[in-house]
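To keep things clear, I will list the structure first and then write my remarks on it.
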Amino acid sequence: VTKVVHVEVDTTPPMVTNLSLVDGAIVNTQTLTITGRTENDATLYVQGSIVTVVDGHFLSQVALNEGRNTVSIRATDRASNTRRIELVVFLDTIAPRYDLDKVIGNVTRVMERFITLTGNTEPGTHLTLTYNGLTDVAYVNPSGGFEHTIILGTNRSTLITFRAQDVAGNVYTNELTVDHVEPAKKGFFEANPSAAYGIVILAVVIVVLIFGTR
């Protein structure tokens with residue numbers, strides 16, 4: 001009696017595709033939801049815990065720590081072929097701050113009708129300044145430095161709202177009030193030094209004429 005046995009050789013690890021997570025991602029939520037696809041008969045593990053696969057789709061939630069995290073995904077088929085994937089994800093829940101040069105507190109005073117604001121923030125921050133119904137985007141260089149000039153207009157006081165958003169989506173807002181101070185008015189001679197000089201010369205000439213004729 002001859003018995004034919006068909007043996008299927010499978011040496012290909014199961015594919016893991018359509019992952020919602022990319023390597024090097026920066027997020028601001030401590031619970032990360034990961035979705036993707038794999039083979040229907042595969043056994044899937046995320047961070048060492050088994051995950052249910054339904055019609056080739058899976059969903060898993062991973063708790064993250066602040067800073068760098070490594071997410072491990074492992075899929076094994078019935079032939080014991082295994083595919084391993086490791087992805088790095090960064091958790092950043094801290095909103096960016098900024099420091100302004102030569103400004104202390106939330107109020108400053110200027111005599112000009114403009115103000116140039118310089119300072120530093122977290123590299124990669126998207127920084128906007130809203131004032132008088134306008135919104136400007138301040139360029140932040142790769143080192144985190146920025147410089148931006150605002151025209152104050154005719155208002156005696158201008159409120160500037162800063163909004164800083166980092167690449168993870170964290171947002172920090174703050175306000176600065178800029179008061180315009182009129183420069184002190186100069187006296188006639190201070191404003192016209194040439195006239196003052198001319199009067200002094202004239203006085204000297206008169207004195208010379210009066211006393212010189214005696």
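By order in the structure tokens, chains are A, B, ...; within a chain, residues start at 1; ligands start at 1, following the order shown.
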Checklist entry - If you count only C-alpha atoms, which residues fall within 6 Å of stretch 19-27 of chain A, apart from same-chain ones fewer than 3 positions away, as a list in words? => result Ile34, Thr35, Gly36, Leu87, Val88, Val89, Phe90, Leu91 and Ala168 of chain A
Put those residues in a file: N, CA and C atoms, as a compact mmCIF listing (two decimals), in the first residue's frame.
```txt
# COMPACT_ATOMS: atom_id res chain seq x y z
N ILE A 34 -1.42 51.09 18.58
CA ILE A 34 -0.73 50.57 17.38
C ILE A 34 -1.69 49.66 16.63
N THR A 35 -1.84 49.93 15.34
CA THR A 35 -2.64 49.06 14.48
C THR A 35 -1.79 48.58 13.32
N GLY A 36 -2.24 47.48 12.69
CA GLY A 36 -1.51 46.94 11.55
C GLY A 36 -2.17 45.69 11.02
N LEU A 87 10.77 49.16 16.96
CA LEU A 87 10.62 50.55 16.58
C LEU A 87 10.90 51.44 17.78
N VAL A 88 11.55 52.56 17.53
CA VAL A 88 11.84 53.52 18.59
C VAL A 88 10.81 54.64 18.52
N VAL A 89 10.24 54.98 19.67
CA VAL A 89 9.29 56.08 19.74
C VAL A 89 9.64 56.93 20.96
N PHE A 90 9.52 58.23 20.81
CA PHE A 90 9.86 59.17 21.89
C PHE A 90 8.58 59.78 22.45
N LEU A 91 8.45 59.73 23.76
CA LEU A 91 7.34 60.39 24.43
C LEU A 91 7.81 61.74 24.97
N ALA A 168 6.02 67.38 18.98
CA ALA A 168 5.13 66.39 19.56
C ALA A 168 3.70 66.90 19.69
```
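Using only C-alpha atoms, the protein and nucleic acid residues lying no more than 9 Å from A:Thr29, apart from those fewer than 4 places from it along its own chain, are Leu64, Leu91, Asp92 and Thr93 of chain A.
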Selection above as a file: C-alpha atoms, as a PDB file, in the first residue's frame:
```pdb
ATOM      1  CA  LEU A  64       5.177  54.715  27.194  1.00  0.00           C
ATOM      2  CA  LEU A  91       7.339  60.387  24.432  1.00  0.00           C
ATOM      3  CA  ASP A  92       7.442  64.147  24.969  1.00  0.00           C
ATOM      4  CA  THR A  93       4.740  65.616  27.210  1.00  0.00           C
TER       5      THR A  93
END
```
Q: Extract, using only C-alpha atoms, all DNA, RNA and protein residues at most 8 Å from A:Glu147, discarding same-chain residues fewer than 5 positions from it, and format them as a ChimeraX atom specification.
A: /A:116-119,138-140
For this session: Give me every strand (DSSP E or B) residue in stretch 19-104 of chain A, going by DSSP on the backbone, as number ranges by chain.
Result: A: 25-27, 31-37, 43-46, 49-51, 53-54, 57-63, 67-76, 82-91, 98-100
Practice problem: Using only C-alpha atoms, determine which residues lie at most 6 Å from stretch 47-63 of chain A, disregarding the query and same-chain residues fewer than 5 positions distant; provide the list as a VMD selection string. | Solution: chain A and resid 30 to 40 72
For the residues in the current selection, export all heavy atoms as a JSON list (two decimals), in the first residue's frame.
```
[["chain", "number", "residue", "atom", "x", "y", "z"],
["A", 30, "GLN", "N", 0.76, 59.21, 26.63],
["A", 30, "GLN", "CA", 1.44, 58.14, 27.34],
["A", 30, "GLN", "C", 0.95, 56.76, 26.94],
["A", 30, "GLN", "O", 1.64, 55.77, 27.15],
["A", 30, "GLN", "CB", 1.30, 58.33, 28.85],
["A", 30, "GLN", "CG", 2.03, 59.56, 29.36],
["A", 30, "GLN", "CD", 1.89, 59.74, 30.86],
["A", 30, "GLN", "OE1", 0.81, 59.55, 31.41],
["A", 30, "GLN", "NE2", 2.97, 60.12, 31.52],
["A", 31, "THR", "N", -0.26, 56.69, 26.38],
["A", 31, "THR", "CA", -0.78, 55.41, 25.87],
["A", 31, "THR", "C", -0.79, 55.46, 24.36],
["A", 31, "THR", "O", -1.49, 56.28, 23.76],
["A", 31, "THR", "CB", -2.19, 55.14, 26.41],
["A", 31, "THR", "OG1", -2.16, 55.08, 27.84],
["A", 31, "THR", "CG2", -2.70, 53.80, 25.88],
["A", 32, "LEU", "N", -0.01, 54.59, 23.75],
["A", 32, "LEU", "CA", 0.15, 54.57, 22.29],
["A", 32, "LEU", "C", -0.69, 53.44, 21.69],
["A", 32, "LEU", "O", -0.57, 52.29, 22.11],
["A", 32, "LEU", "CB", 1.62, 54.38, 21.93],
["A", 32, "LEU", "CG", 1.97, 54.30, 20.45],
["A", 32, "LEU", "CD1", 1.70, 55.64, 19.77],
["A", 32, "LEU", "CD2", 3.43, 53.90, 20.27],
["A", 33, "THR", "N", -1.54, 53.78, 20.73],
["A", 33, "THR", "CA", -2.35, 52.77, 20.04],
["A", 33, "THR", "C", -1.65, 52.39, 18.74],
["A", 33, "THR", "O", -1.33, 53.25, 17.91],
["A", 33, "THR", "CB", -3.75, 53.31, 19.74],
["A", 33, "THR", "OG1", -4.41, 53.62, 20.98],
["A", 33, "THR", "CG2", -4.58, 52.27, 19.00],
["A", 34, "ILE", "N", -1.42, 51.09, 18.58],
["A", 34, "ILE", "CA", -0.73, 50.57, 17.38],
["A", 34, "ILE", "C", -1.69, 49.66, 16.63],
["A", 34, "ILE", "O", -2.30, 48.75, 17.21],
["A", 34, "ILE", "CB", 0.53, 49.78, 17.76],
["A", 34, "ILE", "CG1", 1.48, 50.65, 18.59],
["A", 34, "ILE", "CG2", 1.23, 49.26, 16.52],
["A", 34, "ILE", "CD1", 2.68, 49.89, 19.13],
["A", 35, "THR", "N", -1.84, 49.93, 15.34],
["A", 35, "THR", "CA", -2.64, 49.06, 14.48],
["A", 35, "THR", "C", -1.79, 48.58, 13.32],
["A", 35, "THR", "O", -0.75, 49.17, 12.99],
["A", 35, "THR", "CB", -3.88, 49.80, 13.94],
["A", 35, "THR", "OG1", -3.45, 50.93, 13.17],
["A", 35, "THR", "CG2", -4.77, 50.27, 15.07],
["A", 36, "GLY", "N", -2.24, 47.48, 12.69],
["A", 36, "GLY", "CA", -1.51, 46.94, 11.55],
["A", 36, "GLY", "C", -2.17, 45.69, 11.02],
["A", 36, "GLY", "O", -3.28, 45.32, 11.44],
["A", 37, "ARG", "N", -1.45, 45.00, 10.12],
["A", 37, "ARG", "CA", -1.96, 43.77, 9.53],
["A", 37, "ARG", "C", -0.89, 42.69, 9.56],
["A", 37, "ARG", "O", 0.31, 42.99, 9.51],
["A", 37, "ARG", "CB", -2.42, 44.01, 8.09],
["A", 37, "ARG", "CG", -3.54, 45.02, 7.93],
["A", 37, "ARG", "CD", -4.15, 44.96, 6.54],
["A", 37, "ARG", "NE", -4.78, 43.67, 6.31],
["A", 37, "ARG", "CZ", -5.39, 43.32, 5.17],
["A", 37, "ARG", "NH1", -5.43, 44.18, 4.16],
["A", 37, "ARG", "NH2", -5.95, 42.14, 5.04],
["A", 38, "THR", "N", -1.34, 41.46, 9.63],
["A", 38, "THR", "CA", -0.44, 40.31, 9.54],
["A", 38, "THR", "C", -1.24, 39.13, 8.99],
["A", 38, "THR", "O", -2.43, 39.28, 8.64],
["A", 38, "THR", "CB", 0.19, 39.97, 10.89],
["A", 38, "THR", "OG1", 1.19, 38.97, 10.71],
["A", 38, "THR", "CG2", -0.85, 39.48, 11.90],
["A", 39, "GLU", "N", -0.63, 37.94, 8.91],
["A", 39, "GLU", "CA", -1.34, 36.76, 8.40],
["A", 39, "GLU", "C", -2.42, 36.31, 9.38],
["A", 39, "GLU", "O", -2.26, 36.44, 10.61],
["A", 39, "GLU", "CB", -0.35, 35.62, 8.15],
["A", 39, "GLU", "CG", 0.65, 35.93, 7.05],
["A", 39, "GLU", "CD", 1.65, 34.80, 6.83],
["A", 39, "GLU", "OE1", 1.49, 33.75, 7.49],
["A", 39, "GLU", "OE2", 2.59, 34.99, 6.03],
["A", 40, "ASN", "N", -3.50, 35.76, 8.83],
["A", 40, "ASN", "CA", -4.62, 35.35, 9.68],
["A", 40, "ASN", "C", -4.23, 34.32, 10.73],
["A", 40, "ASN", "O", -4.75, 34.33, 11.86],
["A", 40, "ASN", "CB", -5.75, 34.78, 8.82],
["A", 40, "ASN", "CG", -6.47, 35.88, 8.03],
["A", 40, "ASN", "OD1", -6.56, 37.01, 8.48],
["A", 40, "ASN", "ND2", -6.96, 35.53, 6.85],
["A", 72, "SER", "N", 8.43, 46.51, 20.68],
["A", 72, "SER", "CA", 8.79, 45.23, 20.06],
["A", 72, "SER", "C", 7.54, 44.53, 19.55],
["A", 72, "SER", "O", 6.55, 44.37, 20.27],
["A", 72, "SER", "CB", 9.50, 44.33, 21.09],
["A", 72, "SER", "OG", 9.73, 43.05, 20.55]]
```
- Using the chain letters and numbers from this document, which residues of chain A does DSSP assign to alpha helix (DSSP H), as a PyMOL selection string? chain A and resi 188-191+193-212
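Of note, atom CA of A:Thr128 and atom CA of A:Pro142 are spaced 16.5 Å apart.
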Please list as JSON, numbers by chain every residue within 8 Å of stretch 129-132 of chain A, counting only C-alpha atoms and excluding residues in the same chain fewer than 2 positions away.
{"A": [127, 134, 135, 136, 137, 138, 158, 159, 160, 161, 162, 163]}
Next on the checklist: So that I can see what lies close to A:Ala79, please list as a ChimeraX atom specification the residues with an atom at most 9 Å from it, counting only C-alpha atoms and leaving out residues fewer than 5 positions away in the same chain.
Outcome noted: /A:9-13
TODO: Determine, counting only C-alpha atoms, which protein, DNA and RNA residues have an atom within 9 Å of an atom of A:Pro14; residues of the same chain fewer than 4 positions away are not included. Present the result as an NGL selection string.
DONE: :A and (38-39 or 42 or 75-77 or 81-83)
Across A:Glu66, A:Glu182, A:Asp166, A:Glu175, the smallest distance to A:Val110, with only C-alpha atoms counted, is shown by A:Glu182
Between atom CA of A:Thr70 and atom CA of A:Gln165 lies a distance of 24.8 Å
Restricting to only C-alpha atoms, whichever of A:Glu8, A:Ser80, A:Asn28, A:Gly67 is closest to A:Leu44 is A:Ser80
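Counting from atom CA of A:Asn18, the distance to atom CA of A:Glu86 is 14.8 Å.
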